[in-house]
$ cat run_29.cif   # mmCIF, C-alpha atoms and all ligand atoms
data_target
loop_
_atom_site.label_atom_id
_atom_site.label_comp_id
_atom_site.auth_asym_id
_atom_site.auth_seq_id
_atom_site.Cartn_x
_atom_site.Cartn_y
_atom_site.Cartn_z
CA MET M 1 -52.65 -52.73 22.15
CA VAL M 2 -51.22 -56.02 23.41
CA ALA M 3 -49.61 -58.19 20.74
CA GLU M 4 -51.00 -61.68 20.20
CA PRO M 5 -49.03 -64.58 21.68
CA LEU M 6 -46.53 -66.00 19.20
CA LEU M 7 -44.55 -69.17 18.89
CA VAL M 8 -41.48 -69.09 16.66
CA ARG M 9 -40.89 -72.78 15.97
CA GLY M 10 -37.76 -74.68 15.09
CA GLY M 11 -35.37 -71.87 14.16
CA ARG M 12 -31.65 -71.54 14.78
CA LEU M 13 -31.68 -69.40 17.91
CA ILE M 14 -28.67 -67.10 18.18
CA ASP M 15 -28.26 -65.13 21.41
CA PRO M 16 -24.68 -63.91 21.74
CA ALA M 17 -25.38 -62.35 25.15
CA ASN M 18 -25.99 -65.87 26.50
CA ASP M 19 -23.64 -67.85 24.25
CA LEU M 20 -26.63 -69.58 22.73
CA ASP M 21 -26.60 -71.11 19.24
CA GLU M 22 -29.06 -74.00 18.98
CA ILE M 23 -32.20 -75.14 17.19
CA GLY M 24 -35.30 -74.51 19.26
CA ASP M 25 -38.50 -72.56 19.83
CA LEU M 26 -39.18 -69.12 21.15
CA SER M 27 -42.46 -68.04 22.67
CA ILE M 28 -43.60 -64.47 23.02
CA ALA M 29 -46.36 -63.04 25.19
CA ASP M 30 -47.26 -59.51 26.27
CA GLY M 31 -44.52 -58.07 24.08
CA ARG M 32 -41.74 -59.98 25.83
CA ILE M 33 -39.79 -63.17 25.31
CA ALA M 34 -41.69 -65.71 27.42
CA ALA M 35 -39.61 -68.85 26.99
CA ILE M 36 -36.86 -70.29 24.84
CA GLY M 37 -35.75 -73.84 24.00
CA ALA M 38 -38.31 -76.64 23.87
CA VAL M 39 -41.46 -74.65 24.46
CA GLU M 40 -45.09 -75.64 24.79
CA THR M 41 -47.37 -73.87 22.34
CA PRO M 42 -49.21 -71.14 24.25
CA ALA M 43 -53.00 -71.13 23.87
CA GLN M 44 -54.20 -69.19 20.82
CA ALA M 45 -50.64 -68.53 19.74
CA ARG M 46 -49.88 -67.70 16.16
CA VAL M 47 -47.04 -69.94 14.95
CA ILE M 48 -44.17 -68.79 12.76
CA ASP M 49 -42.39 -71.77 11.21
CA ALA M 50 -38.71 -70.85 11.44
CA ALA M 51 -37.24 -74.13 10.15
CA GLY M 52 -34.12 -73.27 8.17
CA LEU M 53 -34.21 -69.68 9.44
CA VAL M 54 -32.11 -67.81 11.98
CA VAL M 55 -33.88 -66.27 14.97
CA ALA M 56 -31.84 -63.44 16.46
CA PRO M 57 -32.32 -60.48 18.77
CA GLY M 58 -33.53 -57.48 16.78
CA LEU M 59 -30.70 -55.62 15.08
CA ILE M 60 -29.68 -52.21 16.42
CA ASP M 61 -28.21 -49.49 14.22
CA VAL M 62 -26.54 -46.69 16.16
CA HIS M 63 -25.97 -44.51 13.07
CA VAL M 64 -28.90 -43.63 10.81
CA HIS M 65 -29.80 -40.43 8.97
CA LEU M 66 -33.59 -40.43 9.12
CA ARG M 67 -33.70 -36.96 7.50
CA GLU M 68 -36.55 -35.74 9.69
CA PRO M 69 -37.26 -32.97 10.26
CA GLY M 70 -36.54 -31.15 7.06
CA PHE M 71 -35.70 -33.47 4.15
CA PRO M 72 -38.75 -35.57 3.21
CA GLU M 73 -37.51 -35.85 -0.39
CA LYS M 74 -34.65 -38.02 0.97
CA GLU M 75 -36.39 -40.03 3.70
CA THR M 76 -39.15 -39.78 6.29
CA ILE M 77 -39.86 -41.45 9.61
CA GLU M 78 -42.23 -43.79 7.75
CA SER M 79 -39.88 -44.76 4.93
CA GLY M 80 -36.74 -44.84 7.06
CA THR M 81 -38.20 -47.03 9.78
CA ALA M 82 -39.86 -49.29 7.16
CA ALA M 83 -36.39 -49.71 5.61
CA ALA M 84 -35.00 -50.45 9.07
CA ALA M 85 -37.63 -53.14 9.69
CA ALA M 86 -36.98 -54.64 6.23
CA GLY M 87 -33.29 -54.77 7.10
CA GLY M 88 -34.00 -56.53 10.41
CA PHE M 89 -33.44 -53.49 12.63
CA THR M 90 -35.73 -53.02 15.61
CA THR M 91 -33.92 -50.02 17.12
CA ILE M 92 -32.15 -47.20 15.32
CA PHE M 93 -30.42 -44.06 16.53
CA CYS M 94 -31.09 -41.03 14.33
CA MET M 95 -28.56 -38.30 13.63
CA PRO M 96 -29.23 -34.60 14.31
CA ASN M 97 -28.06 -33.06 11.00
CA THR M 98 -31.66 -32.19 10.18
CA ASN M 99 -33.49 -28.90 9.60
CA PRO M 100 -33.95 -27.67 12.24
CA THR M 101 -30.93 -29.30 13.87
CA LEU M 102 -31.75 -31.53 16.84
CA ASP M 103 -30.07 -29.19 19.30
CA SER M 104 -32.80 -28.22 21.77
CA VAL M 105 -35.28 -29.82 24.14
CA GLU M 106 -38.09 -28.55 21.87
CA THR M 107 -36.78 -30.11 18.65
CA ILE M 108 -36.14 -33.44 20.40
CA ALA M 109 -39.56 -33.42 22.06
CA ARG M 110 -41.29 -32.66 18.75
CA LEU M 111 -39.36 -35.41 16.96
CA ASN M 112 -40.16 -37.89 19.73
CA GLU M 113 -43.87 -37.12 19.26
CA GLU M 114 -43.61 -37.79 15.53
CA ILE M 115 -41.66 -41.00 16.19
CA ALA M 116 -44.34 -42.21 18.63
CA ARG M 117 -47.02 -41.66 15.96
CA ARG M 118 -45.27 -42.80 12.81
CA ALA M 119 -42.26 -45.05 13.38
CA VAL M 120 -42.54 -48.84 12.97
CA VAL M 121 -39.33 -49.55 14.90
CA ARG M 122 -37.84 -47.97 18.01
CA VAL M 123 -36.04 -44.70 17.26
CA ARG M 124 -33.72 -42.97 19.71
CA PRO M 125 -32.44 -39.51 18.75
CA ILE M 126 -28.87 -38.31 19.00
CA ALA M 127 -28.62 -34.56 19.71
CA ALA M 128 -26.05 -32.16 18.27
CA ILE M 129 -22.91 -31.15 20.19
CA THR M 130 -23.16 -27.53 19.08
CA LYS M 131 -26.13 -25.33 18.26
CA GLY M 132 -26.99 -25.63 14.58
CA ARG M 133 -23.92 -27.93 14.32
CA ARG M 134 -22.06 -24.68 13.68
CA GLY M 135 -19.26 -25.56 16.07
CA ALA M 136 -19.41 -22.32 18.05
CA GLU M 137 -21.73 -22.83 21.02
CA ALA M 138 -22.38 -26.03 22.95
CA VAL M 139 -25.92 -27.35 23.43
CA ASN M 140 -27.44 -27.83 26.89
CA PHE M 141 -26.15 -31.38 27.38
CA ALA M 142 -27.89 -32.09 30.70
CA ALA M 143 -31.32 -30.91 29.51
CA LEU M 144 -31.03 -32.99 26.33
CA ALA M 145 -29.82 -36.05 28.23
CA ALA M 146 -32.91 -35.71 30.42
CA GLN M 147 -34.95 -36.03 27.17
CA GLY M 148 -33.40 -39.44 26.62
CA VAL M 149 -30.97 -38.69 23.81
CA VAL M 150 -28.48 -41.52 23.30
CA GLY M 151 -25.53 -39.43 22.18
CA PHE M 152 -24.28 -36.03 21.10
CA SER M 153 -22.89 -35.61 17.60
CA ASP M 154 -22.16 -32.96 14.99
CA ASP M 155 -22.03 -35.84 12.46
CA GLY M 156 -21.53 -34.63 8.94
CA ASP M 157 -18.81 -32.43 10.39
CA THR M 158 -16.10 -32.52 13.01
CA THR M 159 -16.52 -30.17 15.97
CA ALA M 160 -13.37 -28.18 15.21
CA ASP M 161 -13.17 -26.31 18.53
CA SER M 162 -11.10 -28.52 20.85
CA ALA M 163 -12.26 -26.64 23.95
CA ILE M 164 -15.91 -27.41 23.13
CA MET M 165 -14.95 -31.04 22.56
CA ARG M 166 -13.18 -31.12 25.90
CA ALA M 167 -16.24 -29.71 27.65
CA ALA M 168 -18.54 -32.13 25.82
CA LEU M 169 -16.43 -35.11 26.83
CA GLU M 170 -16.29 -33.92 30.43
CA THR M 171 -20.08 -33.71 30.45
CA SER M 172 -20.39 -37.15 28.84
CA ARG M 173 -18.64 -38.66 31.82
CA GLU M 174 -21.21 -37.22 34.21
CA LEU M 175 -24.22 -38.01 31.99
CA ASN M 176 -22.96 -41.40 30.72
CA VAL M 177 -23.99 -40.40 27.19
CA PRO M 178 -21.29 -40.67 24.51
CA ILE M 179 -19.84 -37.95 22.33
CA VAL M 180 -20.23 -39.45 18.86
CA VAL M 181 -17.63 -38.12 16.47
CA HIS M 182 -17.32 -37.77 12.71
CA CYS M 183 -13.56 -37.44 12.27
CA GLU M 184 -12.58 -35.27 9.34
CA ASP M 185 -10.18 -32.36 9.10
CA LYS M 186 -12.23 -30.24 6.71
CA ALA M 187 -9.31 -28.21 5.42
CA LEU M 188 -7.58 -31.41 4.28
CA ALA M 189 -10.74 -33.17 3.14
CA ARG M 190 -11.87 -31.03 0.23
CA GLY M 191 -11.90 -33.92 -2.24
CA ALA M 192 -14.58 -36.34 -3.39
CA MET M 193 -12.98 -39.78 -2.93
CA HIS M 194 -10.01 -41.49 -1.28
CA GLU M 195 -6.74 -39.88 -2.41
CA GLY M 196 -4.59 -42.51 -4.08
CA ASP M 197 -3.95 -44.37 -7.32
CA VAL M 198 -7.62 -44.57 -8.25
CA SER M 199 -8.35 -40.87 -7.68
CA ARG M 200 -5.33 -40.01 -9.82
CA GLU M 201 -6.40 -42.46 -12.53
CA LEU M 202 -9.89 -40.92 -12.60
CA GLY M 203 -8.67 -37.34 -12.22
CA LEU M 204 -10.93 -36.79 -9.21
CA PRO M 205 -9.95 -34.66 -6.20
CA GLY M 206 -8.77 -36.85 -3.32
CA ILE M 207 -9.29 -36.95 0.45
CA PRO M 208 -6.12 -38.15 2.19
CA PRO M 209 -6.62 -40.69 4.99
CA GLU M 210 -4.73 -38.33 7.28
CA ALA M 211 -7.81 -36.06 7.30
CA GLU M 212 -9.54 -38.78 9.33
CA GLU M 213 -6.51 -39.95 11.29
CA ILE M 214 -5.67 -36.45 12.64
CA ILE M 215 -9.10 -35.98 14.21
CA ILE M 216 -9.34 -39.53 15.58
CA ALA M 217 -6.00 -38.86 17.30
CA ARG M 218 -7.17 -35.51 18.70
CA ASP M 219 -10.45 -36.89 19.98
CA LEU M 220 -8.74 -39.87 21.62
CA MET M 221 -6.40 -37.44 23.39
CA LEU M 222 -9.35 -35.41 24.64
CA ALA M 223 -11.09 -38.59 25.81
CA ARG M 224 -7.92 -39.52 27.70
CA LEU M 225 -7.73 -36.03 29.20
CA THR M 226 -11.34 -36.00 30.37
CA GLY M 227 -12.25 -39.61 31.05
CA GLY M 228 -15.32 -39.04 28.86
CA TRP M 229 -17.01 -41.62 26.60
CA LEU M 230 -15.92 -41.13 23.01
CA HIS M 231 -17.72 -43.07 20.27
CA VAL M 232 -15.91 -42.90 16.93
CA CYS M 233 -18.18 -43.05 13.90
CA HIS M 234 -17.49 -44.88 10.65
CA VAL M 235 -13.81 -45.75 11.07
CA SER M 236 -12.57 -46.23 7.50
CA ILE M 237 -8.77 -46.46 7.83
CA GLY M 238 -6.59 -49.13 9.35
CA ARG M 239 -4.45 -46.52 11.08
CA GLY M 240 -7.54 -45.09 12.76
CA ALA M 241 -8.38 -48.55 14.10
CA ASP M 242 -4.78 -48.87 15.33
CA LEU M 243 -5.08 -45.61 17.28
CA ILE M 244 -8.34 -46.77 18.85
CA ARG M 245 -6.85 -50.15 19.77
CA ALA M 246 -3.87 -48.48 21.45
CA ALA M 247 -6.13 -46.04 23.31
CA LYS M 248 -8.32 -48.89 24.59
CA ARG M 249 -5.25 -50.71 25.86
CA ALA M 250 -4.22 -47.53 27.67
CA GLY M 251 -7.61 -47.40 29.40
CA VAL M 252 -9.30 -44.66 27.36
CA ARG M 253 -13.08 -45.02 27.28
CA VAL M 254 -13.65 -45.29 23.55
CA THR M 255 -16.05 -47.30 21.43
CA ALA M 256 -16.07 -47.44 17.65
CA GLU M 257 -18.17 -48.53 14.72
CA VAL M 258 -17.40 -49.74 11.21
CA MET M 259 -19.74 -49.79 8.23
CA PRO M 260 -20.45 -52.80 6.00
CA HIS M 261 -19.41 -50.76 2.95
CA HIS M 262 -15.97 -50.02 4.41
CA LEU M 263 -15.51 -53.73 5.22
CA THR M 264 -16.49 -54.99 1.77
CA MET M 265 -15.99 -52.25 -0.85
CA THR M 266 -12.90 -50.35 -1.98
CA ASP M 267 -12.02 -47.17 -3.84
CA ARG M 268 -11.84 -49.34 -6.98
CA TRP M 269 -15.65 -49.28 -6.87
CA VAL M 270 -15.45 -45.59 -7.85
CA ALA M 271 -13.66 -46.75 -11.01
CA GLY M 272 -16.52 -49.18 -11.75
CA ASP M 273 -15.17 -52.39 -10.17
CA ARG M 274 -17.85 -54.35 -8.28
CA THR M 275 -15.66 -56.87 -6.45
CA LEU M 276 -16.57 -57.27 -2.79
CA VAL M 277 -13.44 -57.75 -0.67
CA ASN M 278 -13.04 -59.88 2.48
CA VAL M 279 -15.73 -62.22 1.14
CA ASP M 280 -16.10 -65.09 -1.35
CA GLU M 281 -18.80 -63.74 -3.63
CA PRO M 282 -18.85 -63.37 -7.41
CA PRO M 283 -18.31 -59.74 -8.48
CA GLY M 284 -21.18 -57.75 -9.89
CA GLU M 285 -21.29 -56.43 -13.45
CA PRO M 286 -18.85 -53.52 -13.79
CA GLY M 287 -20.50 -50.14 -13.20
CA GLN M 288 -19.87 -46.75 -14.74
CA PRO M 289 -16.72 -45.00 -13.50
CA ALA M 290 -17.41 -42.11 -11.12
CA ASP M 291 -20.95 -43.28 -10.31
CA ALA M 292 -22.09 -41.01 -7.49
CA ASN M 293 -23.61 -44.05 -5.78
CA THR M 294 -20.04 -44.93 -4.76
CA LYS M 295 -19.49 -41.52 -3.12
CA VAL M 296 -19.55 -41.65 0.64
CA ASN M 297 -17.90 -39.85 3.55
CA PRO M 298 -15.52 -41.12 4.77
CA PRO M 299 -14.74 -42.48 1.32
CA LEU M 300 -14.29 -46.07 0.20
CA ARG M 301 -10.63 -46.93 0.88
CA PRO M 302 -8.09 -49.39 -0.57
CA GLU M 303 -8.33 -53.11 0.20
CA ALA M 304 -5.59 -52.92 2.85
CA ASP M 305 -7.86 -50.70 4.95
CA ALA M 306 -10.85 -53.03 4.52
CA LYS M 307 -8.65 -55.90 5.73
CA ALA M 308 -7.35 -53.90 8.71
CA LEU M 309 -10.90 -52.87 9.67
CA LEU M 310 -12.01 -56.51 9.59
CA ALA M 311 -9.07 -57.45 11.83
CA ALA M 312 -10.03 -54.61 14.19
CA LEU M 313 -13.62 -55.86 14.37
CA GLN M 314 -12.33 -59.36 15.09
CA ASP M 315 -9.96 -58.30 17.88
CA GLY M 316 -12.36 -55.83 19.50
CA ALA M 317 -10.57 -52.58 18.61
CA ILE M 318 -13.81 -51.82 16.76
CA ASP M 319 -16.89 -52.75 18.76
CA LEU M 320 -19.79 -52.91 16.36
CA ILE M 321 -21.25 -52.58 12.89
CA ALA M 322 -23.54 -49.65 12.04
CA THR M 323 -24.77 -48.44 8.67
CA ASP M 324 -24.48 -44.63 8.38
CA HIS M 325 -27.67 -45.00 6.30
CA ALA M 326 -27.54 -41.72 4.36
CA PRO M 327 -30.42 -41.48 1.89
CA HIS M 328 -30.34 -38.83 -0.84
CA ALA M 329 -32.86 -38.00 -3.53
CA ALA M 330 -31.90 -39.25 -6.99
CA GLN M 331 -31.17 -35.77 -8.37
CA GLU M 332 -28.52 -35.25 -5.66
CA LYS M 333 -26.66 -38.25 -7.03
CA GLN M 334 -27.51 -39.06 -10.65
CA GLY M 335 -26.93 -36.46 -13.32
CA THR M 336 -24.60 -34.59 -10.97
CA PRO M 337 -20.82 -34.62 -11.59
CA PHE M 338 -19.10 -36.87 -9.06
CA ALA M 339 -17.15 -34.03 -7.48
CA GLN M 340 -20.38 -32.12 -6.71
CA ALA M 341 -22.70 -35.05 -5.85
CA ALA M 342 -23.87 -35.60 -2.29
CA PHE M 343 -21.92 -37.96 -0.02
CA GLY M 344 -23.72 -40.98 1.41
CA LEU M 345 -25.00 -44.49 0.81
CA SER M 346 -28.24 -46.21 1.64
CA GLY M 347 -27.45 -48.81 4.29
CA LEU M 348 -30.32 -50.23 6.33
CA GLU M 349 -31.38 -52.93 3.87
CA PHE M 350 -27.83 -54.09 3.06
CA ALA M 351 -26.09 -54.45 6.42
CA LEU M 352 -27.34 -57.96 7.11
CA PRO M 353 -26.50 -59.53 3.72
CA LEU M 354 -23.06 -57.87 3.61
CA THR M 355 -22.29 -59.01 7.16
CA LEU M 356 -23.50 -62.53 6.38
CA ALA M 357 -21.05 -62.58 3.46
CA LEU M 358 -18.25 -62.08 6.02
CA VAL M 359 -19.70 -65.01 8.00
CA ARG M 360 -19.81 -67.26 4.93
CA ALA M 361 -16.17 -66.36 4.21
CA GLY M 362 -15.27 -67.59 7.70
CA HIS M 363 -14.20 -64.24 9.17
CA LEU M 364 -16.93 -64.04 11.81
CA THR M 365 -19.17 -66.62 13.41
CA LEU M 366 -22.87 -65.99 13.06
CA SER M 367 -22.93 -65.24 16.77
CA GLU M 368 -20.13 -62.66 16.40
CA ALA M 369 -21.99 -61.03 13.53
CA ILE M 370 -25.19 -60.77 15.58
CA ALA M 371 -23.20 -59.44 18.51
CA ALA M 372 -21.76 -56.65 16.33
CA LEU M 373 -25.23 -55.79 15.00
CA SER M 374 -27.28 -56.19 18.18
CA ALA M 375 -25.94 -57.51 21.49
CA THR M 376 -22.95 -55.17 21.66
CA PRO M 377 -24.76 -51.88 21.01
CA ALA M 378 -27.50 -53.02 23.41
CA ARG M 379 -24.90 -53.64 26.11
CA LEU M 380 -22.90 -50.45 25.51
CA TRP M 381 -25.98 -48.23 25.60
CA ASN M 382 -27.80 -50.33 28.18
CA LEU M 383 -30.86 -50.52 25.91
CA GLY M 384 -32.49 -53.53 27.52
CA GLY M 385 -32.73 -55.46 24.22
CA GLY M 386 -30.17 -57.30 22.15
CA THR M 387 -30.97 -60.68 23.70
CA LEU M 388 -33.48 -63.54 23.44
CA ALA M 389 -33.46 -64.11 27.21
CA PRO M 390 -36.90 -64.62 28.79
CA GLY M 391 -38.22 -61.32 30.08
CA ALA M 392 -36.44 -59.23 27.44
CA PRO M 393 -38.50 -57.12 25.04
CA ALA M 394 -39.60 -59.30 22.13
CA ASP M 395 -37.54 -57.45 19.53
CA VAL M 396 -36.67 -60.31 17.21
CA THR M 397 -35.32 -60.64 13.68
CA ILE M 398 -35.96 -63.83 11.74
CA PHE M 399 -33.99 -64.21 8.54
CA ASP M 400 -33.09 -66.73 5.86
CA PRO M 401 -29.29 -66.72 5.68
CA ASN M 402 -29.36 -68.43 2.28
CA GLU M 403 -32.04 -66.55 0.35
CA ARG M 404 -30.62 -64.84 -2.70
CA TRP M 405 -32.10 -61.59 -3.89
CA THR M 406 -31.30 -58.66 -6.11
CA PRO M 407 -31.91 -55.15 -4.82
CA THR M 408 -33.60 -52.89 -7.35
CA GLY M 409 -35.03 -49.46 -6.81
CA ASP M 410 -38.47 -51.03 -6.47
CA ASN M 411 -37.98 -53.72 -3.84
CA LEU M 412 -36.45 -51.43 -1.23
CA ARG M 413 -38.40 -49.65 1.47
CA THR M 414 -36.10 -46.65 1.69
CA ARG M 415 -37.11 -43.63 -0.32
CA SER M 416 -33.56 -43.33 -1.71
CA ALA M 417 -31.85 -46.24 -3.42
CA ASN M 418 -28.41 -44.61 -3.49
CA THR M 419 -26.18 -47.68 -3.45
CA PRO M 420 -23.84 -49.33 -5.95
CA LEU M 421 -25.31 -52.71 -4.91
CA LEU M 422 -28.37 -52.32 -7.15
CA GLY M 423 -28.55 -55.24 -9.56
CA MET M 424 -26.04 -57.38 -7.64
CA THR M 425 -26.99 -60.73 -6.13
CA LEU M 426 -27.01 -60.62 -2.32
CA THR M 427 -27.50 -63.57 0.00
CA GLY M 428 -29.46 -63.34 3.24
CA ARG M 429 -32.87 -61.77 3.65
CA VAL M 430 -35.17 -60.85 6.51
CA ARG M 431 -38.45 -62.77 6.78
CA HIS M 432 -39.98 -61.30 9.93
CA THR M 433 -39.12 -58.34 12.13
CA LEU M 434 -40.87 -58.19 15.49
CA VAL M 435 -40.88 -55.15 17.77
CA ALA M 436 -42.30 -55.78 21.24
CA GLY M 437 -43.81 -58.97 19.78
CA GLU M 438 -45.63 -57.17 16.94
CA GLU M 439 -44.74 -58.03 13.37
CA ARG M 440 -43.48 -54.85 11.74
CA TYR M 441 -42.10 -56.46 8.59
CA ARG M 442 -42.82 -59.66 6.76
CA GLY M 443 -40.75 -60.62 3.70
ZN ZN M 501 -20.27 -38.89 9.43
ZN ZN M 502 -23.50 -40.18 9.38
#
$ encode --input "run_29.cif" --output "structure tokens"
Amino acid sequence: MVAEPLLVRGGRLIDPANDLDEIGDLSIADGRIAAIGAVETPAQARVIDAAGLVVAPGLIDVHVHLREPGFPEKETIESGTAAAAAGGFTTIFCMPNTNPTLDSVETIARLNEEIARRAVVRVRPIAAITKGRRGAEAVNFAALAAQGVVGFSDDGDTTADSAIMRAALETSRELNVPIVVHCEDKALARGAMHEGDVSRELGLPGIPPEAEEIIIARDLMLARLTGGWLHVCHVSIGRGADLIRAAKRAGVRVTAEVMPHHLTMTDRWVAGDRTLVNVDEPPGEPGQPADANTKVNPPLRPEADAKALLAALQDGAIDLIATDHAPHAAQEKQGTPFAQAAFGLSGLEFALPLTLALVRAGHLTLSEAIAALSATPARLWNLGGGTLAPGAPADVTIFDPNERWTPTGDNLRTRSANTPLLGMTLTGRVRHTLVAGEERYRG
């Protein structure tokens, strides 16, 4: 099916890849950007009036738990990609900690068939580093790369065996596919939240930041040793960002992501505080202490870390923003003691408003924000999108940067509303999400 011609009229066009930030039109034909600027209306084109709206390249999330195959009570391809489209994402990478694990050509091929039938945005799988994510035996990297996987990751766990990590990174250099690492020394990280004043106040078992720092350091050393491409997931500590910055300066091939929740929330949220940091927004109503919707891995950290992560995003030590969208069914969160509840936050529908709050506070330009959420991942992974340039795929997100809204369980597309943002006022909402010129979400 060929999408109808479209004219997006009078929006604020943001295209970081081409240093473009101006009011103008965008025309779309045959699933691609046809022209940009002052554009003649194509014959029979449908017109989207974008006055007052931002028109940006479709957002790209390199870290999503789609939960398929195996966990439909948490999320499905339908619900997860609908949430992605509602959040402005046109491409997502899905993590392999599924059942079965995405560790073979067969599981990837089967998932790709399901994606082709059921997804409303583009989905690119990440395969596991080790079979069953058990850490003992490496997958067949070359065969999986030939299936088009965009990374290898045992996310959810660290691959403890340094020899397997070395081999994986060596292979990544040849295949040009990154090794995507969740950095957590499991023996140190037996707690439920950040170890510090708040965990002591609440009497909850803590996770010291060193559990993350130790593995970031090891993996950077192995990247240096091998020349492989290391991508560090969900950096949550300032010292981790410092290690990555130093490694980049020394020529190590490392990229890194930070999550909106680690940029704007702190461990005080576990105590019930609902003050967003790094932004100028009114706090939400205080929540219950030890609400499992504040439990995430790596955990929410003190404000000093959130500030250091923002500085790292600004100076390029951290490359991009991803969500670590980690849906869980309500019974895995509510009614479960905090120490036993599942780790993870819903992310796809909150990344844009939280990032726009950083823009309003003056920490990022709108163009820098869109770069972190689209142009940069497109460039690093050579995805062919992430731009409004004529000829590019017409993956476009059109949003109102000023619309205020309140997330509730009911107005989200994800199957799992596990977030402490429910009931808070957020600013910035997607109006249209186009994938290859087809409207996949309208708000
Ligand atoms: Zn992880
Ligand atoms: Zn994850």
$ closest_residue --input "run_29.cif" --among "M:Leu358, M:Ala168, M:Ala84, M:Ala371" --to "Gly428 of chain M" --atoms "all atoms listed in the file"
M:Leu358
$ closest_residue --input "run_29.cif" --among "M:His325, M:Arg268, M:Lys131, M:Arg122" --to "ligand ZN 501 (chain M)" --atoms "only C-alpha atoms and all ligand atoms"
M:His325
$ residues_near_ligand --input "run_29.cif" --ligand "ligand ZN 502 (chain M)" --cutoff "10 Å" --atoms "only C-alpha atoms and all ligand atoms" --output "VMD selection string"
chain M and resid 62 to 65 94 to 97 153 to 157 181 to 182 233 to 234 296 to 298 322 to 326 343 to 345
$ residues_around --input "run_29.cif" --residues "Ser172 of chain M" --least-positions-apart "4" --cutoff "10 Å" --atoms "only C-alpha atoms" --output "PyMOL selection string"
chain M and resi 141-142+145+151-152+166-168+176-179+223+226-230
$ atom_distance --input "run_29.cif" --atom1 "atom CA of Ile36 of chain M" --atom2 "atom CA of Ile370 of chain M"
17.7 Å
$ residues_around --input "run_29.cif" --residues "Arg67 of chain M" --least-positions-apart "4" --cutoff "7 Å" --atoms "all atoms listed in the file" --output "short mmCIF file (atom, residue, chain, number, x, y, z; two decimals) with C-alpha atoms, keeping the file's coordinate frame"
data_model
loop_
_atom_site.label_atom_id
_atom_site.label_comp_id
_atom_site.auth_asym_id
_atom_site.auth_seq_id
_atom_site.Cartn_x
_atom_site.Cartn_y
_atom_site.Cartn_z
CA PHE M 71 -35.70 -33.47 4.15
CA PRO M 72 -38.75 -35.57 3.21
CA LYS M 74 -34.65 -38.02 0.97
CA GLU M 75 -36.39 -40.03 3.70
CA THR M 76 -39.15 -39.78 6.29
CA THR M 98 -31.66 -32.19 10.18
#
$ residues_around --input "run_29.cif" --residues "Asp319 of chain M" --least-positions-apart "2" --cutoff "9 Å" --atoms "only C-alpha atoms" --output "ChimeraX atom specification"
/M:255-258,312-317,321,372,376-377
$ atom_distance --input "run_29.cif" --atom1 "atom CA of Val8 of chain M" --atom2 "atom CA of Asp49 of chain M"
6.1 Å
$ closest_residue --input "run_29.cif" --among "M:Gln334, M:Thr90, M:Asn402, M:Thr397" --to "Ala357 of chain M" --atoms "only C-alpha atoms"
M:Asn402
$ closest_residue --input "run_29.cif" --among "M:Pro353, M:Ser374, M:Ala38, M:Pro125" --to "Gly386 of chain M" --atoms "all atoms listed in the file"
M:Ser374
$ closest_residue --input "run_29.cif" --among "M:Met265, M:Leu204, M:Ile126, M:Cys183" --to "ligand ZN 501 (chain M)" --atoms "all atoms listed in the file"
M:Cys183
$ atom_distance --input "run_29.cif" --atom1 "atom CA of Val396 of chain M" --atom2 "atom CA of Asp61 of chain M"
14.1 Å
$ residues_around --input "run_29.cif" --residues "Asp267 of chain M" --least-positions-apart "3" --cutoff "10 Å" --atoms "all atoms listed in the file" --output "MDAnalysis selection string"
chainID M and resid 193:199 262 270:273 294:295 299:303
$ write_last_selection --input "run_29.cif" --atoms "C-alpha atoms" --output "JSON list (two decimals), keeping the file's coordinate frame"
[["chain", "number", "residue", "atom", "x", "y", "z"],
["M", 193, "MET", "CA", -12.98, -39.78, -2.93],
["M", 194, "HIS", "CA", -10.01, -41.49, -1.28],
["M", 195, "GLU", "CA", -6.74, -39.88, -2.41],
["M", 196, "GLY", "CA", -4.59, -42.51, -4.08],
["M", 197, "ASP", "CA", -3.95, -44.37, -7.32],
["M", 198, "VAL", "CA", -7.62, -44.57, -8.25],
["M", 199, "SER", "CA", -8.35, -40.87, -7.68],
["M", 262, "HIS", "CA", -15.97, -50.02, 4.41],
["M", 270, "VAL", "CA", -15.45, -45.59, -7.85],
["M", 271, "ALA", "CA", -13.66, -46.75, -11.01],
["M", 272, "GLY", "CA", -16.52, -49.18, -11.75],
["M", 273, "ASP", "CA", -15.17, -52.39, -10.17],
["M", 294, "THR", "CA", -20.04, -44.93, -4.76],
["M", 295, "LYS", "CA", -19.49, -41.52, -3.12],
["M", 299, "PRO", "CA", -14.74, -42.48, 1.32],
["M", 300, "LEU", "CA", -14.29, -46.07, 0.20],
["M", 301, "ARG", "CA", -10.63, -46.93, 0.88],
["M", 302, "PRO", "CA", -8.09, -49.39, -0.57],
["M", 303, "GLU", "CA", -8.33, -53.11, 0.20]]
$ axis_aligned_box --input "run_29.cif" --around "segment 209-217 of chain M" --padding-each-side "6 Å" --output "AutoDock Vina command-line options"
--center_x -7.1 --center_y -38.3 --center_z 11.1 --size_x 16.8 --size_y 16.7 --size_z 24.3
$ closest_residue --input "run_29.cif" --among "M:Ile92, M:Leu412, M:Val180, M:Leu111" --to "ligand ZN 501 (chain M)" --atoms "all atoms listed in the file"
M:Val180
$ residues_near_point --input "run_29.cif" --point "(-19.2, -60.3, 5.5)" --cutoff "12 Å" --atoms "all atoms listed in the file" --output "count of residues only"
45
$ residues_near_point --input "run_29.cif" --point "(-30.3, -44.4, 23.1)" --cutoff "8 Å" --atoms "all atoms listed in the file" --output "list of chain:residue names"
M:Phe93, M:Arg124, M:Pro125, M:Ile126, M:Gly148, M:Val149, M:Val150, M:Gly151, M:Trp381, M:Leu383
